[in-house]
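Novice: File input.cif below, mmCIF, C-alpha atoms:
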```
data_entry
#
loop_
_atom_site.group_PDB
_atom_site.id
_atom_site.type_symbol
_atom_site.label_atom_id
_atom_site.label_comp_id
_atom_site.auth_asym_id
_atom_site.auth_seq_id
_atom_site.Cartn_x
_atom_site.Cartn_y
_atom_site.Cartn_z
ATOM 1 C CA MET A 740 115.298 83.970 70.665
ATOM 2 C CA ASP A 741 117.005 86.492 68.339
ATOM 3 C CA ASP A 742 119.953 88.679 69.352
ATOM 4 C CA CYS A 743 117.755 91.738 69.857
ATOM 5 C CA ASN A 744 115.468 89.967 72.333
ATOM 6 C CA VAL A 745 118.457 88.509 74.170
ATOM 7 C CA PHE A 746 119.931 92.002 74.489
ATOM 8 C CA LEU A 747 116.657 93.442 75.769
ATOM 9 C CA LYS A 748 116.314 90.664 78.340
ATOM 10 C CA ILE A 749 119.862 91.230 79.603
ATOM 11 C CA PHE A 750 119.318 95.004 79.548
ATOM 12 C CA SER A 751 116.079 94.697 81.544
ATOM 13 C CA THR A 752 117.599 92.331 84.091
ATOM 14 C CA PHE A 753 120.578 94.617 84.594
ATOM 15 C CA PHE A 754 118.423 97.620 85.366
ATOM 16 C CA VAL A 755 116.117 95.643 87.645
ATOM 17 C CA LEU A 756 119.153 94.617 89.673
ATOM 18 C CA LEU A 757 120.600 98.128 89.594
ATOM 19 C CA PHE A 758 117.296 99.705 90.552
ATOM 20 C CA THR A 759 116.716 97.213 93.364
ATOM 21 C CA ALA A 760 120.227 97.734 94.724
ATOM 22 C CA GLN A 761 119.735 101.490 94.909
ATOM 23 C CA VAL A 762 116.288 101.690 96.474
ATOM 24 C CA PHE A 763 117.132 101.006 100.112
ATOM 25 C CA SER A 764 116.764 104.744 100.717
ATOM 26 C CA HIS A 765 113.235 104.317 99.347
ATOM 27 C CA GLU A 766 112.386 107.880 98.365
ATOM 28 C CA PHE A 767 111.121 107.995 94.802
ATOM 29 C CA TRP A 768 109.830 110.990 92.904
ATOM 30 C CA LEU A 769 109.155 112.352 89.432
ATOM 31 C CA GLU A 770 111.266 115.393 88.560
ATOM 32 C CA PRO A 771 110.689 117.400 85.368
ATOM 33 C CA VAL A 772 113.684 118.700 83.460
ATOM 34 C CA ASN A 773 111.643 121.904 83.233
ATOM 35 C CA TYR A 774 108.474 122.547 85.263
ATOM 36 C CA TYR A 775 107.466 125.295 82.817
ATOM 37 C CA VAL A 776 106.884 124.078 79.262
ATOM 38 C CA GLU A 777 105.669 126.026 76.251
ATOM 39 C CA THR A 778 102.626 124.679 74.431
ATOM 40 C CA GLY A 779 103.701 122.204 71.769
ATOM 41 C CA LYS A 780 107.103 121.538 73.349
ATOM 42 C CA PRO A 781 108.032 118.123 74.832
ATOM 43 C CA VAL A 782 107.521 117.435 78.524
ATOM 44 C CA LYS A 783 110.615 115.714 79.917
ATOM 45 C CA VAL A 784 110.496 114.024 83.326
ATOM 46 C CA HIS A 785 113.058 111.920 85.175
ATOM 47 C CA GLU A 786 112.274 109.214 87.691
ATOM 48 C CA LYS A 787 114.587 109.578 90.675
ATOM 49 C CA VAL A 788 115.479 107.562 93.749
ATOM 50 C CA GLY A 789 117.476 108.969 96.633
ATOM 51 C CA GLN A 790 117.248 111.013 99.798
ATOM 52 C CA ASN A 791 116.740 114.653 100.708
ATOM 53 C CA PHE A 792 115.620 115.577 97.181
ATOM 54 C CA LYS A 793 118.911 114.370 95.737
ATOM 55 C CA GLY A 794 118.977 111.170 93.758
ATOM 56 C CA ASN A 795 119.967 109.207 90.702
ATOM 57 C CA LYS A 796 118.147 109.277 87.373
ATOM 58 C CA TYR A 797 116.917 105.991 85.939
ATOM 59 C CA VAL A 798 115.969 104.884 82.474
ATOM 60 C CA TYR A 799 112.386 103.827 81.914
ATOM 61 C CA LEU A 800 111.814 100.185 82.727
ATOM 62 C CA PRO A 801 108.234 99.005 82.063
ATOM 63 C CA SER A 802 108.427 96.257 84.684
ATOM 64 C CA SER A 803 109.071 98.909 87.371
ATOM 65 C CA TYR A 804 105.614 100.420 86.924
ATOM 66 C CA GLU A 805 102.038 99.408 87.440
ATOM 67 C CA PHE A 806 101.259 102.563 85.455
ATOM 68 C CA LEU A 807 102.740 105.890 84.352
ATOM 69 C CA LYS A 808 100.093 108.351 83.152
ATOM 70 C CA LEU A 809 99.641 111.918 81.984
ATOM 71 C CA THR A 810 96.480 113.868 82.833
ATOM 72 C CA LEU A 811 95.630 117.192 81.207
ATOM 73 C CA GLY A 812 92.125 118.552 81.681
ATOM 74 C CA ASP A 813 89.673 115.670 81.420
ATOM 75 C CA LYS A 814 92.019 113.486 79.360
ATOM 76 C CA THR A 815 94.309 110.829 80.843
ATOM 77 C CA THR A 816 96.694 108.786 78.703
ATOM 78 C CA SER A 817 99.440 106.282 79.401
ATOM 79 C CA ALA A 818 102.973 107.535 78.829
ATOM 80 C CA LYS A 819 104.464 106.557 75.479
ATOM 81 C CA SER A 820 107.774 105.712 77.133
ATOM 82 C CA LYS A 821 109.820 102.796 75.853
ATOM 83 C CA LEU A 822 112.373 100.547 77.523
ATOM 84 C CA GLY A 823 115.587 102.440 78.148
ATOM 85 C CA ASP A 824 114.201 105.964 77.691
ATOM 86 C CA LEU A 825 116.076 108.670 79.594
ATOM 87 C CA PRO A 826 114.398 110.802 80.735
ATOM 88 C CA ALA A 827 111.641 108.331 81.535
ATOM 89 C CA VAL A 828 109.023 110.627 79.979
ATOM 90 C CA ASN A 829 109.675 112.690 76.857
ATOM 91 C CA GLU A 830 106.600 113.594 74.857
ATOM 92 C CA VAL A 831 104.435 116.435 73.617
ATOM 93 C CA VAL A 832 100.967 116.703 75.143
ATOM 94 C CA ASP A 833 97.906 117.900 73.268
ATOM 95 C CA GLY A 834 96.748 121.236 74.673
ATOM 96 C CA GLU A 835 97.814 123.393 77.595
ATOM 97 C CA GLY A 836 97.082 123.700 81.290
ATOM 98 C CA LEU A 837 98.147 121.983 84.495
ATOM 99 C CA LEU A 838 99.674 118.648 83.501
ATOM 100 C CA ILE A 839 99.623 115.907 86.146
ATOM 101 C CA LEU A 840 101.987 112.976 85.774
ATOM 102 C CA SER A 841 101.145 110.076 88.067
ATOM 103 C CA ALA A 842 102.802 106.743 88.699
ATOM 104 C CA GLU A 843 102.530 103.613 90.775
ATOM 105 C CA THR A 844 105.562 101.369 90.983
ATOM 106 C CA THR A 845 105.519 97.607 91.169
ATOM 107 C CA PRO A 846 106.254 96.186 94.647
ATOM 108 C CA LEU A 847 109.846 95.722 95.728
ATOM 109 C CA ASP A 848 111.313 94.186 98.866
ATOM 110 C CA VAL A 849 114.040 95.150 101.276
ATOM 111 C CA THR A 850 115.560 92.931 103.960
ATOM 112 C CA TYR A 851 116.627 94.570 107.211
ATOM 113 C CA GLU A 852 119.692 92.734 108.407
ATOM 114 C CA THR A 853 119.869 94.759 111.610
ATOM 115 C CA TRP A 854 117.316 96.326 113.934
ATOM 116 C CA SER A 855 119.173 99.651 113.941
ATOM 117 C CA LYS A 856 118.595 100.229 110.219
ATOM 118 C CA PHE A 857 114.877 99.584 110.567
ATOM 119 C CA GLU A 858 114.632 101.723 113.695
ATOM 120 C CA SER A 859 116.442 104.613 112.008
ATOM 121 C CA PHE A 860 114.116 104.486 108.993
ATOM 122 C CA ILE A 861 110.960 104.278 111.124
ATOM 123 C CA LYS A 862 111.929 107.188 113.356
ATOM 124 C CA ASN A 863 112.971 109.301 110.382
ATOM 125 C CA LYS A 864 109.502 108.880 108.877
ATOM 126 C CA GLY A 865 107.621 109.591 112.117
ATOM 127 C CA LEU A 866 106.255 106.055 112.402
ATOM 128 C CA ASP A 867 107.425 105.253 115.929
ATOM 129 C CA TRP A 868 104.314 103.197 116.648
ATOM 130 C CA VAL A 869 105.612 100.587 114.201
ATOM 131 C CA LEU A 870 108.520 99.744 116.521
ATOM 132 C CA GLU A 871 106.171 98.968 119.411
ATOM 133 C CA LYS A 872 103.851 97.010 117.142
ATOM 134 C CA HIS A 873 106.779 95.053 115.703
ATOM 135 C CA LYS A 874 107.764 93.875 119.174
ATOM 136 C CA ALA A 875 104.155 93.236 120.196
ATOM 137 C CA ARG A 876 103.806 90.945 117.157
ATOM 138 C CA LYS A 877 106.966 89.146 118.336
ATOM 139 C CA LEU A 878 108.619 89.621 114.953
ATOM 140 C CA PRO A 879 112.345 89.027 114.455
ATOM 141 C CA GLU A 880 114.646 92.005 114.954
ATOM 142 C CA LYS A 881 116.964 91.108 112.106
ATOM 143 C CA ASN A 882 116.742 89.574 108.642
ATOM 144 C CA PHE A 883 113.082 90.442 108.145
ATOM 145 C CA VAL A 884 111.407 91.695 104.982
ATOM 146 C CA GLU A 885 109.455 94.840 104.191
ATOM 147 C CA SER A 886 107.662 95.125 100.860
ATOM 148 C CA TYR A 887 106.990 98.589 99.496
ATOM 149 C CA ARG A 888 105.354 100.419 96.655
ATOM 150 C CA ARG A 889 105.396 104.059 95.638
ATOM 151 C CA PHE A 890 102.814 106.501 94.373
ATOM 152 C CA ALA A 891 104.255 109.619 92.761
ATOM 153 C CA LYS A 892 102.888 112.722 91.072
ATOM 154 C CA THR A 893 104.418 115.833 89.566
ATOM 155 C CA LEU A 894 102.760 119.011 88.361
ATOM 156 C CA VAL A 895 103.958 120.732 85.188
ATOM 157 C CA LYS A 896 102.870 124.086 83.773
ATOM 158 C CA VAL A 897 102.145 123.620 80.078
ATOM 159 C CA GLY A 898 101.284 126.902 78.396
ATOM 160 C CA ASN A 899 98.977 128.845 80.705
ATOM 161 C CA GLY A 900 99.143 126.157 83.415
ATOM 162 C CA GLU A 901 95.486 126.600 84.270
ATOM 163 C CA GLY A 902 93.538 123.827 85.959
ATOM 164 C CA SER A 903 93.661 121.911 89.204
ATOM 165 C CA ASP A 904 95.165 118.788 90.649
ATOM 166 C CA ARG A 905 92.685 116.146 91.774
ATOM 167 C CA ALA A 906 92.422 112.654 93.159
ATOM 168 C CA LEU A 907 93.360 110.143 90.475
ATOM 169 C CA GLY A 908 92.655 106.980 92.433
ATOM 170 C CA LEU A 909 96.182 106.206 93.608
ATOM 171 C CA GLY A 910 96.339 104.039 96.710
ATOM 172 C CA PHE A 911 98.269 106.710 98.613
ATOM 173 C CA GLU A 912 98.072 110.136 97.037
ATOM 174 C CA TRP A 913 98.815 113.803 97.409
ATOM 175 C CA VAL A 914 96.320 116.254 95.951
ATOM 176 C CA VAL A 915 97.743 119.764 95.640
ATOM 177 C CA GLU A 916 94.658 121.908 96.114
ATOM 178 C CA THR A 917 96.388 125.201 95.291
ATOM 179 C CA ASN A 918 97.607 125.492 91.712
ATOM 180 C CA PRO A 919 101.257 126.536 92.206
ATOM 181 C CA TYR A 920 101.406 128.090 88.744
ATOM 182 C CA THR A 921 98.369 130.367 88.804
ATOM 183 C CA THR A 922 98.324 131.650 92.400
ATOM 184 C CA GLN A 923 100.419 134.376 93.968
ATOM 185 C CA ASN A 924 101.606 134.720 97.555
ATOM 186 C CA SER A 925 99.211 132.159 99.080
ATOM 187 C CA PRO A 926 100.552 129.047 100.856
ATOM 188 C CA ILE A 927 100.198 125.818 98.923
ATOM 189 C CA LYS A 928 97.466 123.637 100.390
ATOM 190 C CA ALA A 929 97.662 119.889 99.873
ATOM 191 C CA GLN A 930 95.636 116.916 101.065
ATOM 192 C CA LEU A 931 96.931 113.396 101.681
ATOM 193 C CA LEU A 932 94.593 110.541 100.774
ATOM 194 C CA TRP A 933 94.847 106.906 101.839
ATOM 195 C CA LYS A 934 92.650 104.665 99.701
ATOM 196 C CA GLY A 935 90.682 107.724 98.633
ATOM 197 C CA LYS A 936 89.996 109.046 102.130
ATOM 198 C CA PRO A 937 91.736 111.823 104.112
ATOM 199 C CA HIS A 938 94.777 110.567 106.002
ATOM 200 C CA PRO A 939 94.987 112.518 109.281
ATOM 201 C CA HIS A 940 97.905 113.047 111.666
ATOM 202 C CA ALA A 941 100.505 111.807 109.188
ATOM 203 C CA HIS A 942 104.149 112.837 109.281
ATOM 204 C CA VAL A 943 105.083 114.903 106.205
ATOM 205 C CA GLY A 944 108.553 115.649 104.876
ATOM 206 C CA ILE A 945 108.949 118.818 102.802
ATOM 207 C CA PHE A 946 112.075 119.461 100.762
ATOM 208 C CA ASN A 947 112.605 122.851 99.118
ATOM 209 C CA ARG A 948 115.521 123.201 96.710
ATOM 210 C CA ARG A 949 116.250 126.767 95.632
ATOM 211 C CA LEU A 950 119.021 129.279 94.928
ATOM 212 C CA ASP A 951 120.427 131.343 97.754
ATOM 213 C CA SER A 952 121.365 135.020 97.497
ATOM 214 C CA ASN A 953 124.706 134.054 95.929
ATOM 215 C CA GLY A 954 123.123 131.882 93.269
ATOM 216 C CA ASN A 955 124.143 128.616 94.931
ATOM 217 C CA SER A 956 121.746 125.716 95.383
ATOM 218 C CA GLU A 957 120.451 125.186 98.913
ATOM 219 C CA LEU A 958 118.000 122.719 100.445
ATOM 220 C CA LEU A 959 115.523 123.603 103.148
ATOM 221 C CA THR A 960 113.683 120.817 104.960
ATOM 222 C CA THR A 961 110.525 121.066 107.036
ATOM 223 C CA GLU A 962 108.410 118.508 108.876
ATOM 224 C CA LEU A 963 104.664 118.951 109.224
ATOM 225 C CA THR A 964 101.713 116.821 110.334
ATOM 226 C CA THR A 965 98.466 116.548 108.417
ATOM 227 C CA ASP A 966 95.382 117.842 110.221
ATOM 228 C CA ALA A 967 92.160 115.942 110.903
ATOM 229 C CA GLU A 968 91.261 116.236 107.201
ATOM 230 C CA GLY A 969 94.666 115.097 105.992
ATOM 231 C CA ARG A 970 95.707 118.611 104.965
ATOM 232 C CA VAL A 971 98.860 120.688 105.308
ATOM 233 C CA GLU A 972 99.763 124.236 104.314
ATOM 234 C CA ILE A 973 103.181 124.497 102.701
ATOM 235 C CA PRO A 974 104.839 127.933 102.872
ATOM 236 C CA ARG A 975 105.921 129.354 99.534
ATOM 237 C CA ALA A 976 109.215 130.438 101.144
ATOM 238 C CA ASN A 977 111.179 132.094 98.353
ATOM 239 C CA GLY A 978 110.097 129.679 95.674
ATOM 240 C CA GLY A 979 112.128 126.885 94.119
ATOM 241 C CA SER A 980 111.406 123.183 93.601
ATOM 242 C CA PHE A 981 109.382 121.288 96.204
ATOM 243 C CA LEU A 982 109.127 117.593 97.060
ATOM 244 C CA ILE A 983 106.359 116.569 99.472
ATOM 245 C CA ASN A 984 106.653 113.066 100.889
ATOM 246 C CA ALA A 985 104.727 110.814 103.297
ATOM 247 C CA VAL A 986 104.882 107.129 104.259
ATOM 248 C CA GLN A 987 102.161 104.767 105.430
ATOM 249 C CA MET A 988 103.036 101.418 107.009
ATOM 250 C CA ILE A 989 100.669 98.454 107.332
ATOM 251 C CA GLU A 990 101.037 94.830 108.315
ATOM 252 C CA ALA A 991 101.864 92.733 105.288
ATOM 253 C CA PRO A 992 98.691 91.160 103.841
ATOM 254 C CA THR A 993 98.384 87.409 104.309
ATOM 255 C CA LYS A 994 99.271 86.497 100.718
ATOM 256 C CA MET A 995 102.276 88.807 100.702
ATOM 257 C CA ALA A 996 103.460 87.412 104.021
ATOM 258 C CA LYS A 997 103.179 83.898 102.617
ATOM 259 C CA ASP A 998 104.697 84.574 99.184
ATOM 260 C CA LYS A 999 107.474 86.964 100.204
ATOM 261 C CA ASN A 1000 107.871 86.266 103.903
ATOM 262 C CA ALA A 1001 107.247 90.002 104.408
ATOM 263 C CA VAL A 1002 106.115 91.306 107.787
ATOM 264 C CA TRP A 1003 105.437 94.941 106.794
ATOM 265 C CA GLU A 1004 104.277 96.760 103.684
ATOM 266 C CA SER A 1005 105.051 100.456 103.236
ATOM 267 C CA HIS A 1006 103.328 102.856 100.868
ATOM 268 C CA TRP A 1007 105.006 106.074 99.738
ATOM 269 C CA ALA A 1008 103.282 109.180 98.409
ATOM 270 C CA SER A 1009 105.211 112.017 96.789
ATOM 271 C CA VAL A 1010 104.458 115.079 94.711
ATOM 272 C CA THR A 1011 106.728 117.688 93.145
ATOM 273 C CA TYR A 1012 106.123 121.173 91.785
ATOM 274 C CA LYS A 1013 108.019 124.430 91.377
ATOM 275 C CA LEU A 1014 107.438 128.045 92.354
ATOM 276 C CA ARG A 1015 109.223 130.909 90.701
ATOM 277 C CA GLN A 1016 111.749 132.532 92.993
ATOM 278 C CA GLN A 1017 111.264 136.116 94.018
ATOM 279 C CA PRO A 1018 113.997 138.557 92.943
#
```
Output the structure of this file as structure tokens.
Specialist:
Amino acid sequence: MDDCNVFLKIFSTFFVLLFTAQVFSHEFWLEPVNYYVETGKPVKVHEKVGQNFKGNKYVYLPSSYEFLKLTLGDKTTSAKSKLGDLPAVNEVVDGEGLLILSAETTPLDVTYETWSKFESFIKNKGLDWVLEKHKARKLPEKNFVESYRRFAKTLVKVGNGEGSDRALGLGFEWVVETNPYTTQNSPIKAQLLWKGKPHPHAHVGIFNRRLDSNGNSELLTTELTTDAEGRVEIPRANGGSFLINAVQMIEAPTKMAKDKNAVWESHWASVTYKLRQQP
């Protein structure tokens, strides 16, 4: 193995360990450097992990993704990102309209050493039924494993920003039915899909980062529940950046339980977009 390959292997291992160490908070999203991009200019997007719409930026690591794709109009292509790229996406797209970046991460595991950490996470995500089910299954209350994967999208206005978001076949997916870049005043309607079907009565976390009247950054948080068709209406407020997040928890599939000793598998769906602030 030559020196270059040795370096890349060490580099990859380091970031896998770093990424794994930082993901206990779970929340993962795609955040553009600029949500409004002129035609012919590069689209730059960071991958972030953190909480409350505040997180760390990570370099692109191919092994962290099942896929990372760009969809514009009827054309979908894989990102041209290379190992170590920061931001994770930095490329010019062909054409203009509503650009949809979508990603699925590879599975990762977290071990809950105490019941209190698991309980806090479950209650925070509105999944209280999991606690009762955990006890009904007579699972251990400490040192147990949850496996998780994330499904993220972000919407970027390239040129005129025209077009619409749509289902792209992610396992757990937000579809923003109102184009945030071509509509005025109306609430943003979004639908949550689980395996392609509406996901009703799901807890939804909404994070709105914007500037206050003094020009300082502020974060507003709201909790909603999807209706019978898996939909929510998100107020435009006074604009700013939005992160919409939901979590689905299932019993770990048999093979996963055997291979990883996992008892639960969580799926995370997020989408980000930005509305211009009113003067």
Novice: When you count all atoms listed in the file, which of these residues is closest to Pro919 (chain A): A:Gly900, A:Pro771, A:Pro846, A:Gly794?
Specialist: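 Using all atoms listed in the file, the shortest distance to Pro919 (chain A) belongs to A:Gly900.
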Novice: Since I can't run it myself right now, could you work out what the PyMOL selection byres ((chain A and resi 950) around 12) selects here and report it as a ChimeraX atom specification?
Specialist: /A:947-949,951-959,976-980,1014-1018
Novice: What would the selection look like, as JSON, numbers by chain, if the PyMOL selection byres ((chain A and resi 888) around 12) were run on the coordinates I just shared?
Specialist: {"A": [762, 765, 766, 767, 803, 804, 805, 842, 843, 844, 845, 846, 847, 848, 849, 885, 886, 887, 889, 890, 891, 909, 910, 911, 986, 987, 988, 989, 1003, 1004, 1005, 1006, 1007, 1008, 1009]}
Novice: Just to confirm, what's the straight-line distance from CA of His942 (chain A) to CA of Gly789 (chain A) in Å (one decimal)?
Specialist: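 These two atoms are separated by 18.8 Å.
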Novice: Counting only C-alpha atoms, which of A:Ser841, A:Thr921, A:Ser820, A:Thr778 gets nearest to Phe806 (chain A)?
Specialist: A:Ser841
